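Chemist: Right, I'll just put the structure down here and ask away after.
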Amino acid sequence: MNAWLQDIFTITELNPTWQQQAIDATLTDKLRTKAFAITPENVEEVIENRFHLFKSIYPAFSQFCQTNLQIRPAKMLGILWDYWLPLGIKIASQRQQLGHPFIQGILGGQGTGKTTMCGVMKIILSQLGYTCLSLSLDDLYKTYSDRLILQQQDPRLIWRGPPGTHDVDLGLHVLQQIHQGNSPIVVPRFDKSLHQGAGDRTTSKIVHNIDIVLFEGWFVGVEPINQVVFDHPPPPIMTTEDKKFARDMNLKLHDYLPLWNQLDSLIMLHPQDYRLSLTWRKQAEHQMIATGKPGMSDTQIENFVNFFWRTLHPELFIPPLLETPTIVDLVIEINCDHLWNKIYQPGLCASNK
């Protein structure tokens, strides 16, 4: 982290030296300036607004880091300044321009930081005067009893999560009600701890006057692809049965398209290598076991992750989204340490710098 940014803790008002350093650093990253519509003409105003927003949200952000992330907030200062603050401002601006509740889709696999991002965005957007709701695709799971019936119909669905295990009509109703500006809204919630970890619906949440929805999930916005790709798919889609399962899950995605059509924008949290999800899951389980909590073995984790790669393989479903700017508005690349590496609009790459 640059020394000039560390000085933000000690200054109460912008001074010319600090401001110029912030301007120079901001304009250096061409992909980020394009993503946030920052130009040499407006950068001074951008820095001023970001500085004052930082000062106003930092106490709540600091508490969030210590309570939810168990890390020192200063460690997250760079990502807060370079990414989270301008992204929150961008989402707020889109809501203002739209003139009615704004639904921001967030697509990201395990470990990409969807929950953390939503938590920070709620802090920022609240300070900007907007009422924000976090909604997970997980909240739309079918009930435990319905999933038992579903598993009897299709024994391949050994875990919740793949296409077909959600109540799409429920999600569509909730998002349509919010889009129309209705209030209050009954928002479903899901408790993963019920039924020995199988999970079930729990008490719904009543929300009022929602301005912005952060709708996140591991395949939010993912669309069906050409079935021919399953003739020669990547591992772990190996057997004839695997290919049949992958094709069936691909077809199930058609049921979700009306839900995706409710999104006003889609952000993709994109790991540098999709296989990092496996590494991150192992790290998380090892940490739980180290604290005395039960956790899965490495073999169990590999079987679990491979199951989801058989349903919607990242090598097959992510590239088409990256190549279609009309679907994904922003791509956020995630490092192996879970931190954001860069942000760009689809169709732009490092060579465009």
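Going by the structure tokens order, chains are called A, B, ..., each with residues numbered from 1, while ligands are numbered from 1 in the order shown.
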Would you list the contacts of Gln272 of chain A as a PDB file with N, CA and C atoms, in the first residue's frame, taking every protein, DNA or RNA residue within 8 Å and counting only C-alpha atoms, but skipping same-chain residues closer than 6 positions in sequence?
Modeler:
```
ATOM      1  N   GLU A 333     -11.319  -9.351 -10.903  1.00  0.00           N
ATOM      2  CA  GLU A 333     -10.402 -10.481 -10.830  1.00  0.00           C
ATOM      3  C   GLU A 333      -9.915 -10.659  -9.403  1.00  0.00           C
ATOM      4  N   ILE A 334      -9.957 -11.904  -8.913  1.00  0.00           N
ATOM      5  CA  ILE A 334      -9.624 -12.218  -7.527  1.00  0.00           C
ATOM      6  C   ILE A 334      -8.291 -12.957  -7.464  1.00  0.00           C
ATOM      7  N   ASN A 335      -7.392 -12.475  -6.603  1.00  0.00           N
ATOM      8  CA  ASN A 335      -6.098 -13.119  -6.385  1.00  0.00           C
ATOM      9  C   ASN A 335      -6.247 -14.375  -5.544  1.00  0.00           C
ATOM     10  N   CYS A 336      -5.166 -15.127  -5.444  1.00  0.00           N
ATOM     11  CA  CYS A 336      -5.172 -16.340  -4.629  1.00  0.00           C
ATOM     12  C   CYS A 336      -5.349 -16.031  -3.146  1.00  0.00           C
TER      13      CYS A 336
END
```
Chemist: Can you pull out every residue within 12 Å of His100 of chain A, counting only C-alpha atoms, but drop anything in the same chain fewer than 2 positions away, and send it as a PyMOL selection string?
Modeler: chain A and resi 92-98+102-103+130+176-182+209-213+264
Chemist: Restricted to C-alpha atoms, what would the selected residues look like written as a PDB file, in the first residue's frame?
Modeler:
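What landed in again.pdb:
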```
ATOM      1  CA  ALA A  92     -25.633   4.435  -6.036  1.00  0.00           C
ATOM      2  CA  SER A  93     -25.376   6.455  -9.242  1.00  0.00           C
ATOM      3  CA  GLN A  94     -27.025   3.669 -11.241  1.00  0.00           C
ATOM      4  CA  ARG A  95     -29.869   3.543  -8.725  1.00  0.00           C
ATOM      5  CA  GLN A  96     -30.331   7.288  -8.969  1.00  0.00           C
ATOM      6  CA  GLN A  97     -30.405   7.225 -12.763  1.00  0.00           C
ATOM      7  CA  LEU A  98     -32.834   4.311 -12.861  1.00  0.00           C
ATOM      8  CA  PHE A 102     -31.977  -1.284  -8.515  1.00  0.00           C
ATOM      9  CA  ILE A 103     -31.091  -4.992  -8.539  1.00  0.00           C
ATOM     10  CA  TYR A 130     -29.886   4.129   0.227  1.00  0.00           C
ATOM     11  CA  GLN A 176     -40.625  -8.200  -9.169  1.00  0.00           C
ATOM     12  CA  GLN A 177     -42.245  -6.810  -6.017  1.00  0.00           C
ATOM     13  CA  ILE A 178     -39.079  -4.880  -5.199  1.00  0.00           C
ATOM     14  CA  HIS A 179     -38.686  -3.606  -8.769  1.00  0.00           C
ATOM     15  CA  GLN A 180     -42.228  -2.280  -8.637  1.00  0.00           C
ATOM     16  CA  GLY A 181     -41.414  -0.358  -5.475  1.00  0.00           C
ATOM     17  CA  ASN A 182     -43.841  -2.293  -3.284  1.00  0.00           C
ATOM     18  CA  ASN A 209     -38.607   0.724   1.106  1.00  0.00           C
ATOM     19  CA  ILE A 210     -35.745  -1.142  -0.540  1.00  0.00           C
ATOM     20  CA  ASP A 211     -33.625   0.975  -2.888  1.00  0.00           C
ATOM     21  CA  ILE A 212     -30.928  -1.514  -3.891  1.00  0.00           C
ATOM     22  CA  VAL A 213     -30.770  -5.321  -3.868  1.00  0.00           C
ATOM     23  CA  ASP A 264     -30.304  -4.336 -13.726  1.00  0.00           C
TER      24      ASP A 264
END
```
Chemist: Got a sec: who's within 12 Å of Phe308 of chain A, counting only C-alpha atoms, leaving out chain neighbours fewer than 6 positions off, as an MDAnalysis selection string?
Modeler: chainID A and resid 109:110 156:163 218:219 235:237 242 245:246 249 275 277:278 301:302 314
Chemist: Between atom CA of Arg147 of chain A and atom CA of Ile225 of chain A, measure the distance and give it in Å to one decimal.
Modeler: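 Atom-to-atom, atom CA of Arg147 of chain A and atom CA of Ile225 of chain A are spaced 25.7 Å apart.
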Chemist: With only C-alpha atoms as the counted atoms, please give the residues lying no more than 9 Å from Ile123 of chain A, apart from itself and same-chain residues fewer than 5 positions off, as a list in words.
Modeler: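 Everything that qualifies: Ile57, Ala60, Phe61, Phe64, Cys118, Leu128 and Cys132 of chain A.
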Chemist: Excluding Gln21 of chain A and residues on its chain fewer than 6 positions from it, collect all residues at most 12 Å away from it, counting only C-alpha atoms, and give them as a list in words.
Modeler: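 What passes the distance filter is Asn2, Ala3, Trp4, Leu5, Gln6, Asp7, Ile8, Leu14, Asn15, Leu27, Thr28, Val43, Glu44 and Ile47 of chain A.
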Chemist: Can you pull out every residue within 8 Å of segment 141-146 of chain A, counting only C-alpha atoms, but drop anything in the same chain fewer than 2 positions away, and send it as an mmCIF file with N, CA and C atoms, in the first residue's frame?
Modeler:
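The file below, around04.cif, is the result:
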```cif
data_model
loop_
_atom_site.group_PDB
_atom_site.id
_atom_site.type_symbol
_atom_site.label_atom_id
_atom_site.label_comp_id
_atom_site.auth_asym_id
_atom_site.auth_seq_id
_atom_site.Cartn_x
_atom_site.Cartn_y
_atom_site.Cartn_z
ATOM 1 N N LEU A 137 -28.816 -16.349 -3.556
ATOM 2 C CA LEU A 137 -29.491 -17.429 -4.279
ATOM 3 C C LEU A 137 -29.821 -18.563 -3.325
ATOM 4 N N ASP A 138 -28.990 -18.740 -2.283
ATOM 5 C CA ASP A 138 -29.235 -19.770 -1.281
ATOM 6 C C ASP A 138 -30.560 -19.551 -0.556
ATOM 7 N N ASP A 139 -30.982 -18.295 -0.412
ATOM 8 C CA ASP A 139 -32.245 -18.014 0.270
ATOM 9 C C ASP A 139 -33.447 -18.534 -0.510
ATOM 10 N N LEU A 148 -36.338 -33.321 -0.592
ATOM 11 C CA LEU A 148 -36.370 -34.779 -0.421
ATOM 12 C C LEU A 148 -37.117 -35.434 -1.577
ATOM 13 N N ILE A 149 -38.236 -34.841 -1.943
ATOM 14 C CA ILE A 149 -39.004 -35.354 -3.084
ATOM 15 C C ILE A 149 -38.183 -35.235 -4.361
ATOM 16 N N LEU A 150 -37.515 -34.092 -4.522
ATOM 17 C CA LEU A 150 -36.693 -33.872 -5.709
ATOM 18 C C LEU A 150 -35.580 -34.898 -5.802
ATOM 19 N N ARG A 160 -27.679 -29.875 -2.140
ATOM 20 C CA ARG A 160 -28.394 -28.693 -2.604
ATOM 21 C C ARG A 160 -27.394 -27.786 -3.316
ATOM 22 N N GLY A 161 -27.909 -26.959 -4.224
ATOM 23 C CA GLY A 161 -27.032 -26.003 -4.896
ATOM 24 C C GLY A 161 -27.156 -25.948 -6.402
ATOM 25 N N THR A 165 -32.673 -26.930 -7.673
ATOM 26 C CA THR A 165 -32.886 -27.044 -6.232
ATOM 27 C C THR A 165 -33.432 -25.750 -5.625
ATOM 28 N N HIS A 166 -33.730 -24.754 -6.474
ATOM 29 C CA HIS A 166 -34.235 -23.468 -6.000
ATOM 30 C C HIS A 166 -35.698 -23.262 -6.412
ATOM 31 N N ASP A 167 -36.373 -22.445 -5.647
ATOM 32 C CA ASP A 167 -37.743 -22.045 -5.976
ATOM 33 C C ASP A 167 -37.651 -20.765 -6.806
ATOM 34 N N PHE A 190 -32.874 -18.739 4.499
ATOM 35 C CA PHE A 190 -32.575 -20.166 4.543
ATOM 36 C C PHE A 190 -31.523 -20.410 5.619
ATOM 37 N N ALA A 198 -28.636 -30.269 6.192
ATOM 38 C CA ALA A 198 -29.348 -30.281 4.910
ATOM 39 C C ALA A 198 -30.000 -28.929 4.649
ATOM 40 N N GLY A 199 -30.363 -28.230 5.727
ATOM 41 C CA GLY A 199 -30.897 -26.881 5.600
ATOM 42 C C GLY A 199 -32.388 -26.845 5.299
ATOM 43 N N ASP A 200 -33.010 -25.706 5.659
ATOM 44 C CA ASP A 200 -34.432 -25.534 5.386
ATOM 45 C C ASP A 200 -34.773 -24.050 5.493
ATOM 46 N N ARG A 201 -35.941 -23.705 5.004
ATOM 47 C CA ARG A 201 -36.424 -22.336 5.147
ATOM 48 C C ARG A 201 -36.551 -21.998 6.629
#
```
Chemist: With distances taken over only C-alpha atoms, which of A:Val46, A:Ile318, A:Val186, A:Ile124 is nearest to Pro346 of chain A?
Modeler: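 Counting only C-alpha atoms, the residue closest to Pro346 of chain A is A:Ile318.
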Chemist: Using the chain letters and numbers from this document, which residues of segment 18-215 of chain A does DSSP assign to helix (DSSP H, G or I), as a PDB file with C-alpha atoms, in the first residue's frame?
Modeler:
```
ATOM      1  CA  TRP A  18      -2.013  14.292  -0.898  1.00  0.00           C
ATOM      2  CA  GLN A  19      -4.718  15.011  -3.445  1.00  0.00           C
ATOM      3  CA  GLN A  20      -2.251  15.064  -6.342  1.00  0.00           C
ATOM      4  CA  GLN A  21      -0.747  11.759  -5.227  1.00  0.00           C
ATOM      5  CA  ALA A  22      -4.238  10.246  -5.123  1.00  0.00           C
ATOM      6  CA  ILE A  23      -5.028  11.633  -8.570  1.00  0.00           C
ATOM      7  CA  ASP A  24      -1.819  10.279 -10.084  1.00  0.00           C
ATOM      8  CA  ALA A  25      -2.342   6.830  -8.563  1.00  0.00           C
ATOM      9  CA  THR A  26      -5.961   6.714  -9.703  1.00  0.00           C
ATOM     10  CA  LEU A  27      -5.221   7.635 -13.325  1.00  0.00           C
ATOM     11  CA  THR A  28      -2.432   5.042 -13.546  1.00  0.00           C
ATOM     12  CA  LYS A  30      -6.533   2.505 -17.099  1.00  0.00           C
ATOM     13  CA  LEU A  31      -8.862  -0.463 -16.693  1.00  0.00           C
ATOM     14  CA  ARG A  32     -10.126   0.794 -13.363  1.00  0.00           C
ATOM     15  CA  THR A  33     -10.659   4.332 -14.606  1.00  0.00           C
ATOM     16  CA  LYS A  34     -12.734   2.985 -17.493  1.00  0.00           C
ATOM     17  CA  ALA A  35     -14.747   0.758 -15.171  1.00  0.00           C
ATOM     18  CA  VAL A  43     -10.731  12.913 -11.271  1.00  0.00           C
ATOM     19  CA  GLU A  44     -10.298  15.813  -8.835  1.00  0.00           C
ATOM     20  CA  GLU A  45     -13.984  15.751  -7.959  1.00  0.00           C
ATOM     21  CA  VAL A  46     -13.865  11.952  -7.739  1.00  0.00           C
ATOM     22  CA  ILE A  47     -11.028  12.056  -5.202  1.00  0.00           C
ATOM     23  CA  GLU A  48     -12.752  14.725  -3.117  1.00  0.00           C
ATOM     24  CA  ASN A  49     -16.003  12.751  -2.964  1.00  0.00           C
ATOM     25  CA  ARG A  50     -14.212   9.503  -2.203  1.00  0.00           C
ATOM     26  CA  PHE A  51     -12.152  11.109   0.551  1.00  0.00           C
ATOM     27  CA  HIS A  52     -15.197  12.476   2.366  1.00  0.00           C
ATOM     28  CA  LEU A  53     -17.070   9.188   1.933  1.00  0.00           C
ATOM     29  CA  PHE A  54     -14.084   7.311   3.358  1.00  0.00           C
ATOM     30  CA  LYS A  55     -14.026   9.533   6.443  1.00  0.00           C
ATOM     31  CA  SER A  56     -17.752   9.024   7.045  1.00  0.00           C
ATOM     32  CA  ILE A  57     -17.889   5.231   6.628  1.00  0.00           C
ATOM     33  CA  TYR A  58     -14.563   4.241   8.192  1.00  0.00           C
ATOM     34  CA  PRO A  59     -15.835   3.710  11.778  1.00  0.00           C
ATOM     35  CA  ALA A  60     -18.515   1.270  10.565  1.00  0.00           C
ATOM     36  CA  PHE A  61     -16.070  -0.323   8.127  1.00  0.00           C
ATOM     37  CA  SER A  62     -13.509  -0.789  10.888  1.00  0.00           C
ATOM     38  CA  GLN A  63     -16.087  -2.494  13.081  1.00  0.00           C
ATOM     39  CA  PHE A  64     -17.121  -4.746  10.172  1.00  0.00           C
ATOM     40  CA  CYS A  65     -13.521  -5.841   9.560  1.00  0.00           C
ATOM     41  CA  GLN A  66     -12.903  -6.662  13.193  1.00  0.00           C
ATOM     42  CA  THR A  67     -16.232  -8.382  13.798  1.00  0.00           C
ATOM     43  CA  ASN A  68     -16.928 -10.174  10.510  1.00  0.00           C
ATOM     44  CA  LEU A  69     -13.478 -10.669   9.016  1.00  0.00           C
ATOM     45  CA  PRO A  73      -9.128  -2.713   9.003  1.00  0.00           C
ATOM     46  CA  ALA A  74      -5.884  -1.027   7.917  1.00  0.00           C
ATOM     47  CA  LYS A  75      -5.031  -4.221   6.032  1.00  0.00           C
ATOM     48  CA  MET A  76      -8.065  -3.628   3.800  1.00  0.00           C
ATOM     49  CA  LEU A  77      -7.390   0.077   3.230  1.00  0.00           C
ATOM     50  CA  GLY A  78      -6.133  -0.361  -0.345  1.00  0.00           C
ATOM     51  CA  ILE A  79      -9.091  -2.417  -1.548  1.00  0.00           C
ATOM     52  CA  LEU A  80     -11.493  -0.070   0.240  1.00  0.00           C
ATOM     53  CA  TRP A  81     -10.064   3.017  -1.455  1.00  0.00           C
ATOM     54  CA  ASP A  82      -9.374   1.600  -4.918  1.00  0.00           C
ATOM     55  CA  TYR A  83     -12.388  -0.687  -5.350  1.00  0.00           C
ATOM     56  CA  TRP A  84     -15.120  -0.751  -2.726  1.00  0.00           C
ATOM     57  CA  LEU A  85     -15.699   2.996  -2.395  1.00  0.00           C
ATOM     58  CA  PRO A  86     -15.867   3.715  -6.145  1.00  0.00           C
ATOM     59  CA  LEU A  87     -18.016   0.624  -6.698  1.00  0.00           C
ATOM     60  CA  GLY A  88     -20.463   1.750  -4.030  1.00  0.00           C
ATOM     61  CA  ILE A  89     -20.603   5.203  -5.617  1.00  0.00           C
ATOM     62  CA  LYS A  90     -21.185   3.619  -9.036  1.00  0.00           C
ATOM     63  CA  ILE A  91     -24.046   1.434  -7.783  1.00  0.00           C
ATOM     64  CA  ALA A  92     -25.633   4.435  -6.036  1.00  0.00           C
ATOM     65  CA  SER A  93     -25.376   6.455  -9.242  1.00  0.00           C
ATOM     66  CA  GLN A  94     -27.025   3.669 -11.241  1.00  0.00           C
ATOM     67  CA  ARG A  95     -29.869   3.543  -8.725  1.00  0.00           C
ATOM     68  CA  GLN A  96     -30.331   7.288  -8.969  1.00  0.00           C
ATOM     69  CA  GLN A  97     -30.405   7.225 -12.763  1.00  0.00           C
ATOM     70  CA  LEU A  98     -32.834   4.311 -12.861  1.00  0.00           C
ATOM     71  CA  LYS A 114     -19.500 -12.306  -2.232  1.00  0.00           C
ATOM     72  CA  THR A 115     -20.615 -12.044   1.397  1.00  0.00           C
ATOM     73  CA  THR A 116     -17.813  -9.649   2.318  1.00  0.00           C
ATOM     74  CA  MET A 117     -18.499  -7.478  -0.712  1.00  0.00           C
ATOM     75  CA  CYS A 118     -22.203  -7.267   0.130  1.00  0.00           C
ATOM     76  CA  GLY A 119     -21.430  -6.362   3.728  1.00  0.00           C
ATOM     77  CA  VAL A 120     -19.125  -3.506   2.739  1.00  0.00           C
ATOM     78  CA  MET A 121     -21.481  -2.280   0.002  1.00  0.00           C
ATOM     79  CA  LYS A 122     -24.325  -2.057   2.526  1.00  0.00           C
ATOM     80  CA  ILE A 123     -22.179   0.174   4.743  1.00  0.00           C
ATOM     81  CA  ILE A 124     -21.250   2.457   1.847  1.00  0.00           C
ATOM     82  CA  LEU A 125     -24.705   2.601   0.288  1.00  0.00           C
ATOM     83  CA  SER A 126     -26.325   3.291   3.652  1.00  0.00           C
ATOM     84  CA  GLN A 127     -24.033   6.276   4.124  1.00  0.00           C
ATOM     85  CA  LEU A 137     -29.491 -17.429  -4.279  1.00  0.00           C
ATOM     86  CA  ASP A 138     -29.235 -19.770  -1.281  1.00  0.00           C
ATOM     87  CA  ASP A 139     -32.245 -18.014   0.270  1.00  0.00           C
ATOM     88  CA  LEU A 140     -34.323 -19.342  -2.618  1.00  0.00           C
ATOM     89  CA  TYR A 144     -36.290 -29.506   2.948  1.00  0.00           C
ATOM     90  CA  SER A 145     -39.364 -31.647   2.245  1.00  0.00           C
ATOM     91  CA  ASP A 146     -39.513 -30.497  -1.380  1.00  0.00           C
ATOM     92  CA  ARG A 147     -35.843 -31.316  -1.846  1.00  0.00           C
ATOM     93  CA  LEU A 148     -36.370 -34.779  -0.421  1.00  0.00           C
ATOM     94  CA  ILE A 149     -39.004 -35.354  -3.084  1.00  0.00           C
ATOM     95  CA  LEU A 150     -36.693 -33.872  -5.709  1.00  0.00           C
ATOM     96  CA  GLN A 151     -33.879 -36.194  -4.664  1.00  0.00           C
ATOM     97  CA  GLN A 152     -36.204 -39.191  -4.999  1.00  0.00           C
ATOM     98  CA  GLN A 153     -37.027 -38.031  -8.518  1.00  0.00           C
ATOM     99  CA  VAL A 168     -37.364 -19.781  -9.006  1.00  0.00           C
ATOM    100  CA  ASP A 169     -40.955 -18.558  -8.851  1.00  0.00           C
ATOM    101  CA  LEU A 170     -40.419 -17.396  -5.274  1.00  0.00           C
ATOM    102  CA  GLY A 171     -37.316 -15.434  -6.257  1.00  0.00           C
ATOM    103  CA  LEU A 172     -39.053 -13.957  -9.276  1.00  0.00           C
ATOM    104  CA  HIS A 173     -41.980 -12.806  -7.136  1.00  0.00           C
ATOM    105  CA  VAL A 174     -39.672 -11.140  -4.586  1.00  0.00           C
ATOM    106  CA  LEU A 175     -37.573  -9.294  -7.184  1.00  0.00           C
ATOM    107  CA  GLN A 176     -40.625  -8.200  -9.169  1.00  0.00           C
ATOM    108  CA  GLN A 177     -42.245  -6.810  -6.017  1.00  0.00           C
ATOM    109  CA  ILE A 178     -39.079  -4.880  -5.199  1.00  0.00           C
ATOM    110  CA  HIS A 179     -38.686  -3.606  -8.769  1.00  0.00           C
TER     111      HIS A 179
END
```
Chemist: Applying 6 Å and only C-alpha atoms, which residues near segment 203-205 of chain A remain after dropping the ones on its own chain fewer than 2 positions away? List them as an NGL selection string.
Modeler: :A and (186-189)
Chemist: Select from segment 83-127 of chain A everything DSSP, run on the backbone, classes as strand (DSSP E), then give the selection as a PyMOL selection string.
Modeler: chain A and resi 102-108
Chemist: So that I have them on file, write out the residues from the current selection with N, CA and C atoms, as a PDB file, in the first residue's frame.
Modeler:
```pdb
ATOM      1  N   PHE A 102     -33.047  -0.788  -7.643  1.00  0.00           N
ATOM      2  CA  PHE A 102     -31.977  -1.284  -8.515  1.00  0.00           C
ATOM      3  C   PHE A 102     -31.535  -2.647  -8.012  1.00  0.00           C
ATOM      4  N   ILE A 103     -31.479  -3.630  -8.919  1.00  0.00           N
ATOM      5  CA  ILE A 103     -31.091  -4.992  -8.539  1.00  0.00           C
ATOM      6  C   ILE A 103     -29.728  -5.300  -9.152  1.00  0.00           C
ATOM      7  N   GLN A 104     -28.728  -5.412  -8.282  1.00  0.00           N
ATOM      8  CA  GLN A 104     -27.361  -5.689  -8.689  1.00  0.00           C
ATOM      9  C   GLN A 104     -27.059  -7.168  -8.504  1.00  0.00           C
ATOM     10  N   GLY A 105     -26.861  -7.887  -9.597  1.00  0.00           N
ATOM     11  CA  GLY A 105     -26.468  -9.279  -9.514  1.00  0.00           C
ATOM     12  C   GLY A 105     -24.982  -9.403  -9.254  1.00  0.00           C
ATOM     13  N   ILE A 106     -24.609 -10.407  -8.458  1.00  0.00           N
ATOM     14  CA  ILE A 106     -23.200 -10.664  -8.140  1.00  0.00           C
ATOM     15  C   ILE A 106     -22.947 -12.150  -8.321  1.00  0.00           C
ATOM     16  N   LEU A 107     -22.139 -12.479  -9.315  1.00  0.00           N
ATOM     17  CA  LEU A 107     -21.802 -13.861  -9.635  1.00  0.00           C
ATOM     18  C   LEU A 107     -20.404 -14.169  -9.119  1.00  0.00           C
ATOM     19  N   GLY A 108     -20.284 -15.241  -8.349  1.00  0.00           N
ATOM     20  CA  GLY A 108     -18.963 -15.616  -7.864  1.00  0.00           C
ATOM     21  C   GLY A 108     -18.980 -16.965  -7.182  1.00  0.00           C
TER      22      GLY A 108
END
```
Chemist: Just give me the gap between atom CA of Pro233 of chain A and atom CA of Lys252 of chain A in Å, one decimal is fine.
Modeler: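 These two atoms are separated by 18.0 Å.
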